[in-house]
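As stored in coords-v7.tsv (TSV, C-alpha atoms):
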```tsv
chain	number	residue	atom	x	y	z
A	7	MET	CA	-22.81	-74.62	-83.62
A	8	LEU	CA	-23.03	-71.41	-85.60
A	9	ASN	CA	-26.72	-71.02	-84.76
A	10	LEU	CA	-26.04	-71.38	-81.03
A	11	ALA	CA	-23.22	-68.81	-81.18
A	12	LEU	CA	-25.44	-66.44	-83.14
A	13	SER	CA	-28.24	-66.75	-80.58
A	14	ILE	CA	-25.87	-66.02	-77.69
A	15	ALA	CA	-24.36	-63.10	-79.61
A	16	PHE	CA	-27.83	-61.65	-80.32
A	17	VAL	CA	-28.63	-61.71	-76.61
A	18	MET	CA	-25.30	-60.10	-75.67
A	19	VAL	CA	-25.52	-57.32	-78.26
A	20	GLY	CA	-29.16	-56.70	-77.35
A	21	LEU	CA	-28.15	-56.34	-73.70
A	22	ALA	CA	-25.40	-53.91	-74.77
A	23	ILE	CA	-27.95	-51.81	-76.70
A	24	LEU	CA	-30.22	-51.80	-73.64
A	25	LEU	CA	-27.38	-50.63	-71.34
A	26	SER	CA	-26.34	-47.81	-73.64
A	27	PHE	CA	-30.00	-46.79	-74.01
A	28	ILE	CA	-30.30	-46.56	-70.21
A	29	ARG	CA	-27.19	-44.34	-70.20
A	30	LEU	CA	-28.78	-42.24	-72.94
A	31	ILE	CA	-31.78	-41.61	-70.69
A	32	ILE	CA	-30.12	-41.10	-67.30
A	33	GLY	CA	-26.82	-39.53	-68.49
A	34	PRO	CA	-26.17	-36.54	-66.22
A	35	ASN	CA	-24.66	-34.25	-68.85
A	36	THR	CA	-24.96	-33.67	-72.56
A	37	PRO	CA	-21.56	-35.26	-73.44
A	38	ASP	CA	-22.72	-38.45	-71.71
A	39	ARG	CA	-25.76	-38.53	-73.96
A	40	ILE	CA	-23.63	-37.95	-77.08
A	41	LEU	CA	-21.33	-40.79	-76.01
A	42	ALA	CA	-24.33	-43.05	-75.40
A	43	LEU	CA	-25.67	-42.29	-78.90
A	44	ASP	CA	-22.23	-43.06	-80.34
A	45	THR	CA	-22.17	-46.43	-78.57
A	46	LEU	CA	-25.78	-47.10	-79.60
A	47	TYR	CA	-25.05	-46.77	-83.30
A	48	ILE	CA	-21.93	-48.91	-83.06
A	49	ASN	CA	-23.91	-51.62	-81.28
A	50	SER	CA	-26.64	-51.42	-83.90
A	51	ILE	CA	-24.01	-51.95	-86.63
A	52	ALA	CA	-22.96	-55.14	-84.82
A	53	LEU	CA	-26.61	-56.24	-84.57
A	54	LEU	CA	-27.23	-55.64	-88.28
A	55	ILE	CA	-24.13	-57.60	-89.32
A	56	LEU	CA	-25.21	-60.49	-87.08
A	57	LEU	CA	-28.67	-60.40	-88.68
A	58	GLY	CA	-27.04	-60.49	-92.13
A	59	ILE	CA	-25.07	-63.62	-91.19
A	60	ASN	CA	-28.19	-65.21	-89.69
A	61	LEU	CA	-30.41	-64.58	-92.72
A	62	GLN	CA	-27.66	-65.36	-95.30
A	63	SER	CA	-28.17	-62.00	-96.97
A	64	ALA	CA	-25.55	-59.39	-97.87
A	65	LEU	CA	-28.25	-56.72	-98.06
A	66	TYR	CA	-27.89	-55.67	-94.43
A	67	PHE	CA	-24.31	-54.62	-95.00
A	68	GLU	CA	-25.35	-51.50	-96.93
A	69	ALA	CA	-27.61	-50.44	-94.07
A	70	ALA	CA	-24.71	-50.92	-91.64
A	71	LEU	CA	-22.41	-48.78	-93.79
A	72	LEU	CA	-25.04	-46.05	-93.99
A	73	ILE	CA	-25.55	-46.11	-90.21
A	74	ALA	CA	-21.76	-45.86	-89.71
A	75	VAL	CA	-21.42	-42.76	-91.91
A	76	MET	CA	-24.52	-41.01	-90.59
A	77	GLY	CA	-23.74	-41.82	-86.96
A	78	PHE	CA	-20.26	-40.35	-87.28
A	79	MET	CA	-21.73	-37.21	-88.82
A	80	GLY	CA	-24.24	-36.97	-85.97
A	81	THR	CA	-21.55	-37.28	-83.29
A	82	LEU	CA	-19.45	-34.67	-85.09
A	83	ALA	CA	-22.34	-32.21	-85.38
A	84	LEU	CA	-23.45	-32.61	-81.74
A	85	SER	CA	-19.90	-32.15	-80.40
A	86	LYS	CA	-19.39	-29.11	-82.60
A	87	TYR	CA	-22.67	-27.72	-81.30
A	88	LEU	CA	-21.44	-28.07	-77.72
A	89	LEU	CA	-18.09	-26.51	-78.58
A	90	ARG	CA	-19.33	-23.49	-80.53
A	91	GLY	CA	-23.02	-23.11	-79.76
A	92	ASP	CA	-23.65	-23.47	-83.46
A	93	ILE	CA	-23.00	-26.19	-86.04
A	94	MET	CA	-21.99	-24.00	-88.95
A	95	GLU	CA	-20.87	-20.45	-88.53
B	13	MET	CA	-13.79	-76.31	-88.70
B	14	LEU	CA	-15.06	-73.19	-90.44
B	15	GLU	CA	-18.11	-73.08	-88.19
B	16	TRP	CA	-15.90	-73.18	-85.10
B	17	ILE	CA	-13.78	-70.24	-86.29
B	18	LEU	CA	-16.92	-68.27	-87.12
B	19	ALA	CA	-18.55	-69.08	-83.78
B	20	ILE	CA	-15.45	-68.07	-81.81
B	21	LEU	CA	-15.09	-64.80	-83.73
B	22	ILE	CA	-18.78	-63.95	-83.27
B	23	LEU	CA	-18.68	-64.73	-79.55
B	24	VAL	CA	-15.51	-62.67	-79.03
B	25	GLY	CA	-17.07	-59.73	-80.88
B	26	ALA	CA	-20.32	-59.90	-78.93
B	27	PHE	CA	-18.38	-60.19	-75.66
B	28	PHE	CA	-16.36	-57.05	-76.32
B	29	THR	CA	-19.48	-55.17	-77.43
B	30	LEU	CA	-21.17	-56.10	-74.16
B	31	VAL	CA	-18.09	-55.17	-72.12
B	32	GLY	CA	-17.96	-51.75	-73.76
B	33	SER	CA	-21.58	-51.04	-72.90
B	34	ILE	CA	-21.21	-52.32	-69.33
B	35	GLY	CA	-18.30	-49.91	-68.98
B	36	LEU	CA	-20.45	-47.11	-70.35
B	37	TYR	CA	-23.15	-47.95	-67.84
B	38	LYS	CA	-21.13	-48.56	-64.69
B	39	LEU	CA	-18.13	-46.21	-64.70
B	40	SER	CA	-18.54	-43.11	-62.58
B	41	ASP	CA	-17.22	-40.21	-64.61
B	42	PHE	CA	-17.50	-38.95	-68.17
B	43	TYR	CA	-13.77	-39.21	-68.80
B	44	MET	CA	-13.79	-42.78	-67.49
B	45	ARG	CA	-16.88	-43.62	-69.52
B	46	LEU	CA	-15.14	-42.44	-72.68
B	47	HIS	CA	-12.74	-45.36	-72.26
B	48	GLY	CA	-15.30	-48.16	-72.42
B	49	PRO	CA	-17.00	-47.90	-75.84
B	50	THR	CA	-13.70	-47.67	-77.75
B	51	LYS	CA	-13.29	-51.41	-77.07
B	52	ALA	CA	-16.74	-52.03	-78.52
B	53	SER	CA	-16.08	-50.00	-81.66
B	54	THR	CA	-12.69	-51.51	-82.51
B	55	LEU	CA	-12.46	-55.05	-81.13
B	56	GLY	CA	-16.15	-55.92	-80.94
B	57	VAL	CA	-17.43	-54.75	-84.30
B	58	GLY	CA	-14.07	-55.62	-85.88
B	59	ALA	CA	-14.31	-59.30	-84.88
B	60	ILE	CA	-17.96	-59.56	-85.97
B	61	LEU	CA	-17.16	-57.98	-89.35
B	62	ILE	CA	-14.22	-60.34	-89.92
B	63	ALA	CA	-16.56	-63.25	-89.15
B	64	SER	CA	-19.05	-61.87	-91.68
B	65	ALA	CA	-16.33	-61.48	-94.33
B	66	ILE	CA	-15.16	-65.10	-93.85
B	67	HIS	CA	-18.74	-66.39	-93.90
B	68	PHE	CA	-19.72	-64.63	-97.13
B	69	SER	CA	-16.39	-65.51	-98.77
B	70	PHE	CA	-17.17	-69.20	-98.32
B	71	THR	CA	-20.91	-69.25	-99.00
B	72	THR	CA	-20.99	-67.06	-102.11
B	73	ASP	CA	-18.57	-67.36	-105.02
B	74	GLY	CA	-15.72	-64.89	-104.98
B	75	VAL	CA	-14.02	-63.13	-102.10
B	76	SER	CA	-16.21	-60.81	-100.05
B	77	LEU	CA	-14.08	-57.93	-98.85
B	78	HIS	CA	-16.51	-55.06	-98.51
B	79	GLU	CA	-16.93	-55.71	-94.78
B	80	ILE	CA	-13.37	-54.46	-94.38
B	81	LEU	CA	-14.71	-51.07	-95.52
B	82	VAL	CA	-16.84	-50.64	-92.39
B	83	THR	CA	-13.95	-51.80	-90.17
B	84	LEU	CA	-11.61	-49.30	-91.79
B	85	PHE	CA	-14.18	-46.51	-91.49
B	86	LEU	CA	-14.75	-47.23	-87.79
B	87	PHE	CA	-11.00	-47.44	-87.09
B	88	ILE	CA	-10.49	-44.04	-88.72
B	89	THR	CA	-13.49	-42.24	-87.23
B	90	ALA	CA	-13.53	-43.60	-83.65
B	91	PRO	CA	-10.51	-41.55	-82.43
B	92	VAL	CA	-11.83	-38.41	-84.13
B	93	SER	CA	-15.22	-38.60	-82.44
B	94	ALA	CA	-13.68	-39.51	-79.06
B	95	HIS	CA	-11.35	-36.51	-79.31
B	96	LEU	CA	-14.22	-34.17	-80.18
B	97	MET	CA	-16.40	-35.46	-77.35
B	98	ALA	CA	-13.57	-35.03	-74.83
B	99	LYS	CA	-12.98	-31.51	-76.14
B	100	ALA	CA	-16.67	-30.65	-75.77
B	101	ALA	CA	-16.73	-32.08	-72.24
B	102	ILE	CA	-13.71	-30.00	-71.25
B	103	HIS	CA	-15.30	-26.95	-72.84
B	104	ILE	CA	-18.53	-27.12	-70.85
B	105	LYS	CA	-16.62	-28.21	-67.69
B	106	VAL	CA	-18.21	-31.57	-66.92
B	107	LYS	CA	-18.04	-32.60	-63.25
B	108	GLN	CA	-15.34	-35.15	-62.52
B	109	VAL	CA	-14.81	-37.44	-59.56
B	110	GLU	CA	-11.85	-37.13	-57.22
B	111	ARG	CA	-9.84	-39.94	-58.84
B	112	THR	CA	-9.77	-38.33	-62.28
B	113	ARG	CA	-6.78	-36.05	-62.55
B	114	GLN	CA	-7.74	-32.39	-62.58
B	115	LEU	CA	-6.93	-30.16	-65.51
B	116	GLU	CA	-4.02	-27.81	-64.96
B	117	LYS	CA	-5.19	-24.29	-64.54
```

Take the structure in the file and write it out as structure tokens.
Amino acid sequence: MLNLALSIAFVMVGLAILLSFIRLIIGPNTPDRILALDTLYINSIALLILLGINLQSALYFEAALLIAVMGFMGTLALSKYLLRGDIME
Amino acid sequence: MLEWILAILILVGAFFTLVGSIGLYKLSDFYMRLHGPTKASTLGVGAILIASAIHFSFTTDGVSLHEILVTLFLFITAPVSAHLMAKAAIHIKVKQVERTRQLEK
């Protein structure tokens, strides 16, 4: 039961990553691309947690936490760059 | 019983993640698109992380609560990043469709 649900969830999250990647490529403006990157890292956190449940290993959790922190910093820096033209002034 | 709860939580999380990305792909305007991925970051990843916490609490000895850390971090940072992205979009005057309400001059 759990294996079936995990397989379906892998397919759905993979499809979500694919859709946000398409938006990252075609996005008309820069904020669209920043939003697509934001969604991409959140989806990859979901994928890593699913992989950790599937492989019975708590190791993937640290990678997910690192991606969460670094992705937030990236979104912050890119938005600040659009707002000011510079990240640190 | 435990497997059923885990399976339902995982499926709900994956469903909301997919819905968020479909919204990001299909909606027609940046301000509309901003609405979609918030569901993925709160409900989707939240449900998957709760499933992971329950799973590791029962398979290993001791309670496994460190998944709550990622949930808490995402719940705190998602509104901040959405606010900053909206501010940047307003600043560089992103095109909006007719249905989105115009900014007051």

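Put simply, atom CA of Gln62 of chain A is 29.5 Å away from atom CA of Met79 of chain A.
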
* For Arg29 of chain A, please output as a list in words all residues within 12 Å (counting all atoms listed in the file; exclusion window: fewer than 6 positions along the same chain). =>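 Listing them by chain and then by number gives Ala22, Ile23, Asn35, Thr36, Pro37, Asp38, Arg39, Ile40, Leu41, Ala42, Leu43, Asp44, Thr45 and Leu46 of chain A; Ser33, Ile34, Gly35, Leu36, Tyr37, Lys38, Leu39, Ser40, Phe42 and Arg45 of chain B.
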
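The space separating atom CA of Gly48 of chain B from atom CA of Gly32 of chain B comes to 4.7 Å.
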
Write out as a tab-separated table the residues of chain B that have any atom within 6 Å of an atom of chain A, one row each with the nearest atom pair and its distance in Å to one decimal, counting all atoms listed in the file, sorted by chain and then rising number.
```
residue	atom	partner	partner_atom	distance
B:Glu15	CA	A:Leu8	CA	5.8
B:Ala19	CA	A:Ala11	CA	5.4
B:Leu23	CA	A:Ala15	CA	5.9
B:Ala26	CA	A:Ala15	CA	5.2
B:Leu30	CA	A:Ala22	CA	4.8
B:Ser33	CA	A:Ala22	CA	5.1
B:Tyr37	CA	A:Arg29	CA	5.9
B:Val57	CA	A:Ala52	CA	5.6
B:Met97	CA	A:Ser85	CA	5.7
B:Ala100	CA	A:Leu89	CA	5.2
B:Ala101	CA	A:Pro37	CA	5.9
```

* Asked: Hey, can you check how far atom CA of Gly58 of chain B sits from atom CA of Ile80 of chain B?
  -> 8.6 Å
